[in-house]
$ cat protein_28.tsv   # TSV, C-alpha atoms
chain	number	residue	atom	x	y	z
J	22	MET	CA	13.10	187.21	-152.13
J	23	ARG	CA	12.26	187.97	-155.74
J	24	HIS	CA	11.15	191.52	-155.05
J	25	HIS	CA	14.19	192.65	-153.02
J	26	LEU	CA	16.00	194.42	-155.84
J	27	LEU	CA	18.64	196.09	-153.64
J	28	LEU	CA	19.56	192.83	-151.92
J	29	ARG	CA	19.89	191.03	-155.23
J	30	VAL	CA	22.13	193.69	-156.78
J	31	ILE	CA	24.34	194.04	-153.69
J	32	THR	CA	24.66	190.27	-153.42
J	33	LYS	CA	25.75	189.99	-157.04
J	34	LEU	CA	28.38	192.66	-156.37
J	35	LEU	CA	29.59	191.07	-153.14
J	36	VAL	CA	29.90	187.38	-153.99
J	37	GLY	CA	32.96	187.83	-156.19
J	38	PRO	CA	35.01	189.93	-153.74
J	39	ILE	CA	34.07	187.59	-150.87
J	40	ILE	CA	35.47	184.58	-152.75
J	41	LEU	CA	38.55	186.60	-153.72
J	42	PHE	CA	39.09	187.57	-150.08
J	43	ALA	CA	38.70	183.94	-149.03
J	44	LEU	CA	41.41	182.91	-151.49
J	45	TYR	CA	43.65	185.71	-150.20
J	46	VAL	CA	43.15	184.59	-146.60
J	47	GLN	CA	43.80	180.99	-147.68
J	48	PHE	CA	47.05	181.49	-149.55
J	49	HIS	CA	48.43	184.47	-147.64
J	50	GLY	CA	47.91	182.78	-144.27
J	51	ASP	CA	51.65	182.19	-143.93
J	52	TYR	CA	52.32	185.91	-143.83
J	53	SER	CA	49.22	187.52	-142.36
J	54	PRO	CA	46.45	186.47	-139.99
J	55	GLY	CA	44.24	183.75	-141.33
J	56	GLY	CA	44.52	180.26	-142.68
J	57	GLY	CA	42.51	177.37	-143.94
J	58	PHE	CA	39.78	177.48	-141.32
J	59	GLN	CA	38.91	181.15	-141.70
J	60	ALA	CA	39.25	181.01	-145.48
J	61	GLY	CA	36.93	178.00	-145.68
J	62	VAL	CA	34.29	179.79	-143.64
J	63	ILE	CA	34.50	182.95	-145.75
J	64	PHE	CA	34.34	180.90	-148.94
J	65	ALA	CA	31.24	179.12	-147.68
J	66	VAL	CA	29.64	182.43	-146.67
J	67	ALA	CA	29.73	183.58	-150.30
J	68	PHE	CA	27.60	180.60	-151.34
J	69	ILE	CA	25.31	180.85	-148.31
J	70	LEU	CA	24.65	184.55	-149.04
J	71	PHE	CA	23.88	183.65	-152.64
J	72	GLY	CA	21.58	180.87	-151.45
J	73	ILE	CA	19.70	183.11	-149.01
J	74	VAL	CA	19.01	185.80	-151.59
J	75	PHE	CA	18.52	183.80	-154.80
J	76	GLY	CA	17.05	180.62	-153.36
J	77	LEU	CA	18.30	177.14	-152.71
J	78	THR	CA	17.70	175.75	-156.20
J	79	LYS	CA	19.88	178.42	-157.82
J	80	VAL	CA	22.81	177.86	-155.47
J	81	LYS	CA	22.49	174.11	-155.85
J	82	GLN	CA	22.91	174.57	-159.58
J	83	VAL	CA	26.14	176.48	-158.98
J	84	PHE	CA	27.54	174.15	-156.32
J	85	PRO	CA	25.73	170.77	-156.47
J	86	PRO	CA	25.39	168.87	-153.17
J	87	TRP	CA	27.15	165.74	-154.42
J	88	ILE	CA	30.27	167.80	-155.19
J	89	VAL	CA	30.04	169.45	-151.75
J	90	HIS	CA	29.92	166.07	-149.99
J	91	LYS	CA	32.86	164.72	-152.00
J	92	LEU	CA	34.91	167.88	-151.31
J	93	ALA	CA	34.39	167.58	-147.55
J	94	ALA	CA	36.05	164.17	-147.66
J	95	LEU	CA	38.69	165.29	-150.16
J	96	GLY	CA	40.05	167.95	-147.79
J	97	VAL	CA	40.66	165.42	-145.02
J	98	LEU	CA	42.27	163.09	-147.58
J	99	ILE	CA	44.63	165.87	-148.74
J	100	TYR	CA	45.67	166.54	-145.14
J	101	ALA	CA	46.20	162.90	-144.21
J	102	GLY	CA	47.79	162.21	-147.61
J	103	THR	CA	50.40	164.89	-146.93
J	104	GLY	CA	51.31	163.07	-143.74
J	105	ILE	CA	51.48	159.69	-145.48
J	106	TYR	CA	53.60	161.18	-148.27
J	107	SER	CA	56.12	162.35	-145.69
J	108	LEU	CA	56.02	158.85	-144.19
J	109	MET	CA	56.80	157.37	-147.58
J	110	LEU	CA	59.77	159.69	-147.96
J	111	GLY	CA	61.22	158.05	-144.86
J	112	SER	CA	60.41	160.73	-142.30
J	113	THR	CA	57.86	160.98	-139.50
J	114	PHE	CA	54.13	161.58	-140.07
J	115	LEU	CA	53.41	165.19	-141.13
J	116	ASN	CA	57.08	166.18	-141.11
J	117	TYR	CA	57.10	168.51	-144.10
J	118	GLY	CA	60.85	169.05	-143.98
J	119	ALA	CA	61.20	165.69	-145.75
J	120	PHE	CA	59.79	167.05	-149.03
J	121	THR	CA	62.95	168.98	-149.87
J	122	PRO	CA	65.75	167.39	-147.82
J	123	ALA	CA	68.33	169.89	-149.06
J	124	HIS	CA	66.35	172.83	-147.73
J	125	PRO	CA	63.83	171.81	-145.03
J	126	GLU	CA	62.32	175.30	-144.78
J	127	HIS	CA	61.00	175.05	-148.35
J	128	GLY	CA	59.46	171.71	-147.50
J	129	GLN	CA	57.76	173.30	-144.51
J	130	HIS	CA	56.37	176.04	-146.75
J	131	TRP	CA	54.93	173.51	-149.19
J	132	GLY	CA	53.59	171.29	-146.44
J	133	ILE	CA	51.82	174.12	-144.63
J	134	LEU	CA	50.35	175.41	-147.90
J	135	ILE	CA	48.96	172.00	-148.88
J	136	VAL	CA	47.70	171.16	-145.40
J	137	GLU	CA	45.95	174.52	-145.07
J	138	LEU	CA	44.37	173.93	-148.48
J	139	GLY	CA	43.00	170.62	-147.18
J	140	VAL	CA	41.57	172.33	-144.09
J	141	GLY	CA	40.06	175.09	-146.22
J	142	ILE	CA	38.36	172.67	-148.64
J	143	THR	CA	36.90	170.59	-145.82
J	144	VAL	CA	35.63	173.55	-143.80
J	145	ALA	CA	34.08	175.31	-146.82
J	146	ALA	CA	32.38	172.13	-148.02
J	147	VAL	CA	31.13	171.21	-144.54
J	148	MET	CA	29.65	174.67	-143.92
J	149	VAL	CA	27.85	174.64	-147.27
J	150	ALA	CA	26.65	171.07	-146.70
J	151	ILE	CA	25.24	171.94	-143.27
J	152	TYR	CA	23.53	175.00	-144.73
J	153	TYR	CA	21.99	172.85	-147.49
J	154	ALA	CA	20.79	170.34	-144.91
J	155	PHE	CA	19.11	173.06	-142.84
J	156	ALA	CA	17.69	175.06	-145.72
J	157	ALA	CA	16.28	172.07	-147.58
J	158	ARG	CA	13.79	171.31	-144.78
J	159	PRO	CA	10.24	172.28	-145.79
J	160	PRO	CA	8.76	175.00	-143.52
J	161	VAL	CA	9.86	178.11	-145.35
J	162	ILE	CA	8.73	181.32	-143.71
J	163	ASN	CA	7.57	184.15	-145.90
J	164	ASP	CA	9.06	187.63	-145.75
J	165	GLU	CA	6.15	189.19	-143.86
J	166	GLU	CA	6.71	187.06	-140.78
J	167	TRP	CA	10.09	188.68	-140.03
U	8	MET	CA	29.47	195.85	-123.15
U	9	LEU	CA	29.74	192.06	-123.17
U	10	VAL	CA	27.87	191.81	-119.90
U	11	VAL	CA	25.12	194.17	-121.08
U	12	THR	CA	24.67	192.14	-124.27
U	13	ALA	CA	24.59	188.88	-122.33
U	14	ILE	CA	21.92	190.20	-119.95
U	15	ALA	CA	19.90	191.50	-122.89
U	16	ILE	CA	20.07	188.04	-124.49
U	17	LEU	CA	18.77	186.52	-121.27
U	18	MET	CA	15.90	189.00	-120.99
U	19	MET	CA	14.66	188.74	-124.57
U	20	ARG	CA	11.75	186.47	-125.42
U	21	HIS	CA	11.77	187.15	-129.15
U	22	LEU	CA	14.25	184.65	-130.58
U	23	PHE	CA	15.07	186.63	-133.71
U	24	ALA	CA	16.41	189.45	-131.53
U	25	VAL	CA	18.30	186.90	-129.43
U	26	VAL	CA	20.06	185.51	-132.49
U	27	MET	CA	21.05	189.00	-133.65
U	28	LEU	CA	22.28	189.90	-130.17
U	29	SER	CA	24.40	186.76	-129.96
U	30	SER	CA	25.94	187.81	-133.25
U	31	VAL	CA	26.69	191.20	-131.67
U	32	PHE	CA	28.18	189.36	-128.68
U	33	SER	CA	30.54	187.47	-131.02
U	34	LEU	CA	31.61	190.69	-132.72
U	35	LEU	CA	32.36	192.28	-129.34
U	36	CYS	CA	34.41	189.20	-128.42
U	37	ALA	CA	36.32	189.58	-131.67
U	38	LEU	CA	37.08	193.22	-130.82
U	39	LEU	CA	38.29	192.09	-127.39
U	40	PHE	CA	40.64	189.58	-129.05
U	41	VAL	CA	41.96	192.30	-131.36
U	42	THR	CA	42.83	194.51	-128.42
U	43	LEU	CA	44.63	191.52	-126.88
U	44	ASP	CA	46.67	191.18	-130.13
U	45	ALA	CA	45.18	187.78	-130.91
U	46	VAL	CA	44.29	188.64	-134.49
U	47	ASP	CA	43.90	185.06	-135.73
U	48	VAL	CA	41.46	184.20	-132.98
U	49	ALA	CA	39.53	187.43	-133.58
U	50	PHE	CA	39.31	186.57	-137.27
U	51	THR	CA	37.90	183.14	-136.50
U	52	GLU	CA	35.45	184.50	-133.94
U	53	ALA	CA	34.15	187.12	-136.37
U	54	ALA	CA	33.80	184.65	-139.24
U	55	VAL	CA	32.39	181.69	-137.33
U	56	GLY	CA	30.65	183.24	-134.33
U	57	ALA	CA	29.14	186.28	-136.00
U	58	GLY	CA	28.76	184.84	-139.48
U	59	ILE	CA	28.09	181.14	-139.83
U	60	SER	CA	26.49	180.41	-136.49
U	61	THR	CA	24.04	183.30	-136.93
U	62	VAL	CA	22.96	181.82	-140.25
U	63	LEU	CA	22.67	178.35	-138.73
U	64	LEU	CA	20.65	179.66	-135.77
U	65	LEU	CA	18.34	181.51	-138.15
U	66	GLY	CA	17.96	178.31	-140.16
U	67	THR	CA	17.11	176.36	-137.03
U	68	MET	CA	14.63	179.04	-136.00
U	69	ALA	CA	12.91	178.87	-139.38
U	70	LEU	CA	12.34	175.16	-138.70
U	71	THR	CA	11.13	175.56	-135.11
U	72	ALA	CA	9.50	178.32	-133.07
U	73	ARG	CA	10.11	182.05	-133.17
U	74	ASN	CA	9.34	182.86	-129.52
U	75	GLU	CA	10.78	181.41	-126.36
U	76	LYS	CA	8.42	179.49	-124.09
U	77	MET	CA	7.90	180.97	-120.65
U	78	PRO	CA	9.39	178.81	-117.89
U	79	ARG	CA	6.64	177.10	-115.89
U	80	ASN	CA	7.95	177.55	-112.38
U	81	PHE	CA	11.08	178.71	-110.58
U	82	SER	CA	13.43	175.89	-109.56
U	83	PRO	CA	16.38	176.61	-107.22
U	84	VAL	CA	18.69	173.75	-108.28
U	85	PRO	CA	20.02	175.26	-111.55
U	86	LEU	CA	20.65	178.59	-109.81
U	87	LEU	CA	22.56	176.81	-107.04
U	88	VAL	CA	24.68	174.86	-109.56
U	89	VAL	CA	25.54	178.03	-111.49
U	90	LEU	CA	26.43	179.98	-108.35
U	91	VAL	CA	28.63	177.19	-106.94
U	92	THR	CA	30.42	176.62	-110.27
U	93	GLY	CA	30.97	180.35	-110.72
U	94	GLY	CA	32.31	180.66	-107.19
U	95	VAL	CA	34.73	177.76	-107.69
U	96	LEU	CA	35.95	179.23	-110.99
U	97	ILE	CA	36.57	182.64	-109.41
U	98	TYR	CA	38.35	180.95	-106.51
U	99	GLY	CA	40.52	179.13	-109.06
U	100	THR	CA	41.57	182.36	-110.77
U	101	LEU	CA	43.03	183.67	-107.49
U	102	ASP	CA	45.99	181.30	-107.95
U	103	MET	CA	46.70	182.34	-111.52
U	104	PRO	CA	49.66	184.63	-112.33
U	105	ASP	CA	48.94	188.31	-112.98
U	106	PHE	CA	47.57	189.28	-116.39
U	107	GLY	CA	50.46	189.83	-118.81
U	108	SER	CA	53.05	188.76	-116.26
U	109	ALA	CA	56.37	187.96	-117.96
U	110	THR	CA	57.18	185.16	-115.54
U	111	SER	CA	53.95	183.22	-115.95
U	112	PRO	CA	54.38	179.59	-117.11
U	113	ALA	CA	52.62	180.32	-120.39
U	114	GLN	CA	55.22	182.93	-121.32
U	115	SER	CA	58.38	181.28	-120.10
U	116	HIS	CA	58.65	177.69	-121.41
U	117	LEU	CA	57.19	176.60	-124.72
U	118	ALA	CA	56.07	179.98	-126.07
U	119	THR	CA	59.55	181.48	-126.07
U	120	GLN	CA	60.87	178.32	-127.69
U	121	TYR	CA	58.31	178.56	-130.50
U	122	LEU	CA	58.94	182.26	-130.98
U	123	THR	CA	62.71	181.89	-131.22
U	124	GLN	CA	62.81	178.61	-133.15
U	125	SER	CA	60.08	179.02	-135.74
U	126	PRO	CA	61.85	181.55	-138.03
U	127	HIS	CA	64.74	179.09	-138.20
U	128	ASP	CA	62.72	175.84	-138.42
U	129	ILE	CA	59.81	176.87	-140.58
U	130	GLY	CA	60.75	180.24	-141.99
U	131	ILE	CA	57.30	181.81	-142.23
U	132	PRO	CA	56.45	185.07	-140.46
U	133	ASN	CA	53.06	184.06	-138.99
U	134	VAL	CA	53.96	182.01	-135.92
U	135	VAL	CA	50.32	181.04	-135.34
U	136	THR	CA	50.16	179.31	-138.71
U	137	ALA	CA	53.54	177.67	-138.09
U	138	ILE	CA	52.36	176.23	-134.77
U	139	LEU	CA	48.95	175.18	-136.10
U	140	ALA	CA	50.04	173.51	-139.28
U	141	SER	CA	53.51	172.25	-138.50
U	142	TYR	CA	54.40	171.90	-134.80
U	143	ARG	CA	50.85	170.91	-133.94
U	144	GLY	CA	49.96	169.27	-137.24
U	145	TYR	CA	48.43	166.23	-135.54
U	146	ASP	CA	45.98	168.42	-133.60
U	147	THR	CA	44.90	170.28	-136.71
U	148	LEU	CA	44.40	167.00	-138.55
U	149	GLY	CA	42.19	165.92	-135.66
U	150	GLU	CA	40.21	169.18	-135.84
U	151	THR	CA	39.66	168.75	-139.56
U	152	VAL	CA	38.37	165.23	-138.96
U	153	VAL	CA	36.06	166.61	-136.24
U	154	VAL	CA	34.61	169.17	-138.67
U	155	PHE	CA	34.12	166.40	-141.24
U	156	THR	CA	32.45	164.20	-138.62
U	157	ALA	CA	30.08	167.07	-137.73
U	158	CYS	CA	29.08	167.25	-141.38
U	159	VAL	CA	28.44	163.51	-141.53
U	160	GLY	CA	26.39	163.74	-138.33
U	161	VAL	CA	24.22	166.58	-139.63
U	162	LEU	CA	23.65	164.80	-142.93
U	163	ILE	CA	22.63	161.59	-141.19
U	164	LEU	CA	20.36	163.40	-138.72
U	165	ILE	CA	18.50	165.98	-140.78
U	166	GLY	CA	18.65	164.92	-144.35
U	167	GLY	CA	20.52	165.71	-147.49
U	168	LEU	CA	20.67	161.98	-148.09
U	169	ALA	CA	17.00	161.30	-147.34
U	170	ARG	CA	15.78	161.66	-150.89
U	171	ARG	CA	18.07	158.97	-152.21
U	172	ARG	CA	16.87	156.50	-149.58
U	173	ARG	CA	13.24	157.22	-150.39
U	174	LYS	CA	13.94	156.57	-154.05
U	175	ASP	CA	15.51	153.22	-153.16
U	176	GLU	CA	12.46	152.25	-151.12
U	177	GLY	CA	10.21	153.22	-154.01
U	178	GLY	CA	12.26	150.99	-156.29
U	179	ALA	CA	12.01	148.07	-153.86
U	180	ASN	CA	8.24	148.40	-153.65

$ encode --input "protein_28.tsv" --output "structure tokens"
Amino acid sequence: MRHHLLLRVITKLLVGPIILFALYVQFHGDYSPGGGFQAGVIFAVAFILFGIVFGLTKVKQVFPPWIVHKLAALGVLIYAGTGIYSLMLGSTFLNYGAFTPAHPEHGQHWGILIVELGVGITVAAVMVAIYYAFAARPPVINDEEW
Amino acid sequence: MLVVTAIAILMMRHLFAVVMLSSVFSLLCALLFVTLDAVDVAFTEAAVGAGISTVLLLGTMALTARNEKMPRNFSPVPLLVVLVTGGVLIYGTLDMPDFGSATSPAQSHLATQYLTQSPHDIGIPNVVTAILASYRGYDTLGETVVVFTACVGVLILIGGLARRRRKDEGGAN
């Protein structure tokens, strides 16, 4: 899409705000609609948009596939690790109140924040990885065919 | 609107238009969820249904064909199955409580408990997040694992890891 000047400029303008909005949805999910799942998808959309307009090689330089694959596993590990941490503190699995025994509500806040972060990382990485897998297959159609 | 879009999707033969219309269908669903005050669900529907799946369908279409094949002949069995299933489903809804009824089971047992307890137990204003991440933390962990498994499945099936294997084979030869 080298000749689509408008698309390239608009994409450059949009990618930053999209990532910012994803982070807002991620970390403000306790107070407003949203959470890890939605934030992960929005985060991934920023990279997919970049990949569609600027090409797969460019976006793979920004976000290399090996990091994407590791991140997908890391998110699940963060989630499960939170549960195991609460087990080690002598409570039940995924009982965040155990983090701050004096004030269980604070523990719940921390737990939900960390767990949602795990979900967000996994979902974003998985979406980008699936996009890479689809887009890396050879038959690329040229612009005229649309 | 939803019905019109669905019928249009069925009638179309040009798959690019079908993909765009299914994106429109998702957006309409999201609007429906907003009017039902289910903002979190609407958010997910708009992001996943209208965003990601459209991109994935377009990606699939780029790899395969761009026009739907005409069906060879008319077969009555699928039509019969659809009609019977639809009839049974409609028959099942006759027993359900009225829409928005305050005495329906969904409103009276667990939901009230969550709504009254969560400000005290969890202390965050968004009850949906509280239920998802804390009360139902096991389920969400399972969902995350499912998403991860989907990724592993796609990578095994259609590549991403293929190049490395080919390099290994080249080294062995």

$ interface_residues --input "protein_28.tsv" --of "chain J" --to "chain U" --cutoff "9 Å" --atoms "all atoms listed in the file" --output "PyMOL selection string"
chain J and resi 50-56+58-59+62-63+65-66+69+86+90+93-94+96-97+100-101+114-118+125-130+132-134+136-137+139-140+143-144+146-148+150-162+167

$ atom_distance --input "protein_28.tsv" --atom1 "CA of Phe32 in chain U" --atom2 "CA of Leu17 in chain U"
12.3 Å

$ closest_residue --input "protein_28.tsv" --among "J:Val74, J:Ala60, J:Leu26, J:Met109" --to "Ile39 in chain J" --atoms "only C-alpha atoms"
J:Ala60

$ closest_residue --input "protein_28.tsv" --among "J:Gly72, J:Gly57, J:Leu44, J:His49" --to "Thr32 in chain J" --atoms "only C-alpha atoms"
J:Gly72

$ atom_distance --input "protein_28.tsv" --atom1 "CA of Phe68 in chain J" --atom2 "CA of Ala57 in chain U"
16.4 Å

$ closest_residue --input "protein_28.tsv" --among "J:Ile40, J:Val149, J:Leu92, J:Val80" --to "Ala67 in chain J" --atoms "all atoms listed in the file"
J:Ile40

$ axis_aligned_box --input "protein_28.tsv" --around "range 114-128 of chain U" --padding-each-side "8 Å" --output "AutoDock Vina command-line options"
--center_x 60.0 --center_y 179.4 --center_z -129.3 --size_x 25.5 --size_y 23.1 --size_z 34.3

$ atom_distance --input "protein_28.tsv" --atom1 "CA of Val91 in chain U" --atom2 "CA of Val10 in chain U"
19.6 Å

$ build_atoms --input "protein_28.tsv" --residues "range 80-105 of chain J" --atoms "N, CA and C atoms" --output "mmCIF file, keeping the file's coordinate frame"
data_model
loop_
_atom_site.group_PDB
_atom_site.id
_atom_site.type_symbol
_atom_site.label_atom_id
_atom_site.label_comp_id
_atom_site.auth_asym_id
_atom_site.auth_seq_id
_atom_site.Cartn_x
_atom_site.Cartn_y
_atom_site.Cartn_z
ATOM 1 N N VAL J 80 21.474 178.104 -155.984
ATOM 2 C CA VAL J 80 22.810 177.860 -155.470
ATOM 3 C C VAL J 80 23.179 176.392 -155.631
ATOM 4 N N LYS J 81 22.172 175.520 -155.636
ATOM 5 C CA LYS J 81 22.490 174.110 -155.850
ATOM 6 C C LYS J 81 22.883 173.824 -157.293
ATOM 7 N N GLN J 82 22.433 174.711 -158.208
ATOM 8 C CA GLN J 82 22.910 174.570 -159.580
ATOM 9 C C GLN J 82 24.377 174.972 -159.691
ATOM 10 N N VAL J 83 24.760 176.021 -158.919
ATOM 11 C CA VAL J 83 26.140 176.480 -158.980
ATOM 12 C C VAL J 83 27.081 175.492 -158.305
ATOM 13 N N PHE J 84 26.665 174.965 -157.169
ATOM 14 C CA PHE J 84 27.540 174.150 -156.320
ATOM 15 C C PHE J 84 26.734 172.915 -155.900
ATOM 16 N N PRO J 85 26.642 171.882 -156.748
ATOM 17 C CA PRO J 85 25.730 170.770 -156.470
ATOM 18 C C PRO J 85 26.103 170.026 -155.197
ATOM 19 N N PRO J 86 25.113 169.522 -154.455
ATOM 20 C CA PRO J 86 25.390 168.870 -153.170
ATOM 21 C C PRO J 86 26.340 167.685 -153.275
ATOM 22 N N TRP J 87 26.261 166.915 -154.377
ATOM 23 C CA TRP J 87 27.150 165.740 -154.420
ATOM 24 C C TRP J 87 28.606 166.171 -154.485
ATOM 25 N N ILE J 88 28.888 167.309 -155.175
ATOM 26 C CA ILE J 88 30.270 167.800 -155.190
ATOM 27 C C ILE J 88 30.672 168.257 -153.787
ATOM 28 N N VAL J 89 29.732 168.954 -153.098
ATOM 29 C CA VAL J 89 30.040 169.450 -151.750
ATOM 30 C C VAL J 89 30.429 168.292 -150.841
ATOM 31 N N HIS J 90 29.642 167.199 -150.886
ATOM 32 C CA HIS J 90 29.920 166.070 -149.990
ATOM 33 C C HIS J 90 31.262 165.429 -150.328
ATOM 34 N N LYS J 91 31.570 165.309 -151.620
ATOM 35 C CA LYS J 91 32.860 164.720 -152.000
ATOM 36 C C LYS J 91 34.008 165.623 -151.537
ATOM 37 N N LEU J 92 33.823 166.964 -151.676
ATOM 38 C CA LEU J 92 34.910 167.880 -151.310
ATOM 39 C C LEU J 92 35.219 167.814 -149.825
ATOM 40 N N ALA J 93 34.160 167.644 -148.997
ATOM 41 C CA ALA J 93 34.390 167.580 -147.550
ATOM 42 C C ALA J 93 35.330 166.431 -147.224
ATOM 43 N N ALA J 94 35.155 165.297 -147.916
ATOM 44 C CA ALA J 94 36.050 164.170 -147.660
ATOM 45 C C ALA J 94 37.412 164.406 -148.288
ATOM 46 N N LEU J 95 37.424 165.073 -149.459
ATOM 47 C CA LEU J 95 38.690 165.290 -150.160
ATOM 48 C C LEU J 95 39.677 166.098 -149.321
ATOM 49 N N GLY J 96 39.163 167.126 -148.604
ATOM 50 C CA GLY J 96 40.050 167.950 -147.790
ATOM 51 C C GLY J 96 40.786 167.130 -146.738
ATOM 52 N N VAL J 97 40.032 166.274 -146.033
ATOM 53 C CA VAL J 97 40.660 165.420 -145.020
ATOM 54 C C VAL J 97 41.687 164.501 -145.682
ATOM 55 N N LEU J 98 41.346 163.984 -146.869
ATOM 56 C CA LEU J 98 42.270 163.090 -147.580
ATOM 57 C C LEU J 98 43.555 163.826 -147.940
ATOM 58 N N ILE J 99 43.426 165.101 -148.384
ATOM 59 C CA ILE J 99 44.630 165.870 -148.740
ATOM 60 C C ILE J 99 45.518 166.014 -147.513
ATOM 61 N N TYR J 100 44.892 166.351 -146.374
ATOM 62 C CA TYR J 100 45.670 166.540 -145.140
ATOM 63 C C TYR J 100 46.380 165.253 -144.750
ATOM 64 N N ALA J 101 45.605 164.161 -144.642
ATOM 65 C CA ALA J 101 46.200 162.900 -144.210
ATOM 66 C C ALA J 101 47.196 162.399 -145.253
ATOM 67 N N GLY J 102 46.882 162.647 -146.552
ATOM 68 C CA GLY J 102 47.790 162.210 -147.610
ATOM 69 C C GLY J 102 49.137 162.886 -147.517
ATOM 70 N N THR J 103 49.132 164.191 -147.114
ATOM 71 C CA THR J 103 50.400 164.890 -146.930
ATOM 72 C C THR J 103 51.242 164.176 -145.881
ATOM 73 N N GLY J 104 50.583 163.776 -144.782
ATOM 74 C CA GLY J 104 51.310 163.070 -143.740
ATOM 75 C C GLY J 104 51.849 161.740 -144.225
ATOM 76 N N ILE J 105 51.043 161.013 -145.007
ATOM 77 C CA ILE J 105 51.480 159.690 -145.480
ATOM 78 C C ILE J 105 52.601 159.847 -146.502
#
